[in-house]
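A.B. asks: Can you keep this structure in mind? I'll have questions shortly.
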Amino acid sequence: MFQLFKKRNFSELVGDTFTFFKMNGKHYFRNYFIINGGFLLVLLVLVYFIMNVFFEGLFANLNGGLGGTNNTIDHYMNNNLELFITLSIMTVVVAVFLSILSYAYPVAYMKLLEKNSTFSTNDIIKVIKSKIGKIVIFFIASLFVLVPIMMIAMVLSFALVFILIGIPLLFIIIPALMCWFSLSFYDYISTDKGYFEALGNGFSLLKQKFWPSVGSTAIMYLIMQIVVGFVSMIPYLIGVFSMFTTLEGQNSPNIQSEQFSFLMLMMGITMILSLLLNFIFQNFILVNQGIIYYSLREENENNTPKSEIDLIGTYSE
């Protein structure tokens with residue numbers, strides 16, 4: 001059984017994140033896809049249809065340009081404006097719902113793991129349902145409290161980039177804000193505290209071991225971006241390479257149209273793959289934040305002896 005309550009340094013915060021998935025990854029992701037998979041599939045389908053409408057407009061414009069007709073894409077988009085707006089609204093609604101659900105899932109999972117070594121999908125759903133009110137309140141309240149603070153901090157950091165000091169600040173402020181948000185969310189959902197109390201406690205936890213917490217967050221975010229960026233860019237690079245190698249020395253309008261069509265297809269696959277991988281690998285960051293949260297709680301509450309007593313019955317079975 002993975003030990004949540006444990007005092008950890010920087011290397012252990014990163015290493016135990018991968019240890020968690022080594023021990024619980026199969027169970028974690030199986031339940032993740034059972035709970036979130038349907039909504040994720042709907043989101044990917046909606047994104048596909050939006051891109052299909054947009055790319056068809058580009059193809060119409062390409063063919064119109066080759067035939068001497070101007071403003072073809074404007075005509076196409078005007079004719080399909082209602083469809084495009086409807087799909088966009090549906091996509092935003094599903095994306096927001098899925099993002100909130102994906103954020104709540106690891107909190108519910110770790111809350112159950114805190115007390116039990118075995119639990120089912122229904123147990124996770126029950127925890128999420130029991131906390132749905134607090135989850136919605138947290139994200140709505142954060143739109144008016146946390147998000148403006150984060151935006152001001154980001155704007156100031158980007159402004160300082162012009163005098164160079166902002167560049168290192170960005171590498172500190174971005175993961176620090178992410179960590180503050182996550183620690184506050186974990187504390188708000190895992191306890192009976194109010195929103196502002198959880199926000200204050202999350203900030204206190206962040207300050208408690210600032211550099212290990214921010215450093216591990218930055219490392220996990222960097223790993224995620226490298227993996228997602230590398231994998232998702234493969235279809236796009238295939239499309240670009242295929243287009244330039246085929247078009248070399250050939251000026252036929254039909255060949256150009258076919259190659260641009262293939263490039264757009266690869267771009268669509270790239271976007272869908274990037275979206276899918278972002279939701280999947282986001283779990284590594286969120287679990288890392290949970291490990292930070294329980295480690296900092298251990299520093300303050302000394303829960304290890306209690307956990308070891310609880311595990312005696314598990315080992316004897």
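Starting from 1 in every chain, residues are counted up; chains themselves are A, B, ... following the order of the structure tokens, and ligands are numbered from 1 as listed.
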Can you list, as a ChimeraX atom specification, every protein, DNA or RNA residue that comes within 10 Å of A:Val227 when you count only C-alpha atoms, leaving out same-chain residues fewer than 3 positions away?
C.D. replies: /A:222-224,230-232,277-278,281
A.B. asks: Interatomic distance between atom CA of A:Leu41 and atom CA of A:Ile272?
C.D. replies: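 Going from atom CA of A:Leu41 over to atom CA of A:Ile272 covers 10.4 Å.
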A.B. asks: Which one of A:Phe55, A:Tyr236, A:Tyr188, A:Phe284 sits closest to A:Thr19 if you count only C-alpha atoms?
C.D. replies: A:Phe284
A.B. asks: Would you compute the distance between atom CA of A:Leu98 and atom CA of A:Phe39? Give it in Å to one decimal.
C.D. replies: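 So the two atoms, atom CA of A:Leu98 and atom CA of A:Phe39, lie 6.4 Å apart.
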A.B. asks: Between atom CA of A:Phe138 and atom CA of A:Ala95, what distance in Å does the model show, to one decimal?
C.D. replies: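 Pair atom CA of A:Phe138 / atom CA of A:Ala95 returns 17.2 Å.
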A.B. asks: Using only C-alpha atoms, which of A:Ile189, A:Leu81, A:Leu44, A:Met266 sits nearest A:Ile137?
C.D. replies: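 Residue with the minimum atom-to-atom distance to A:Ile137: A:Ile189.
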A.B. asks: So which residues touch A:Ile34 within 8 Å, counting only C-alpha atoms, skipping near sequence neighbours fewer than 4 positions away, as a list of chain:residue names?
C.D. replies: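 These residues fall inside the cut-off: A:Arg30, A:Gly38, A:Thr121.
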A.B. asks: What lies within 12 Å of stretch 207-213 of chain A using only C-alpha atoms, ignoring chain neighbours under 6 positions off, as a PyMOL selection string?
C.D. replies: chain A and resi 7-14+171-173+175-180+182-183+200-201+219-220+285+288-300
A.B. asks: Determine the nearest neighbour of A:Leu156 from the options A:Leu169, A:Met267, A:Phe262, A:Leu275, counting only C-alpha atoms.
C.D. replies: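 Among A:Leu169, A:Met267, A:Phe262, A:Leu275, it is A:Leu169 that comes nearest to A:Leu156.
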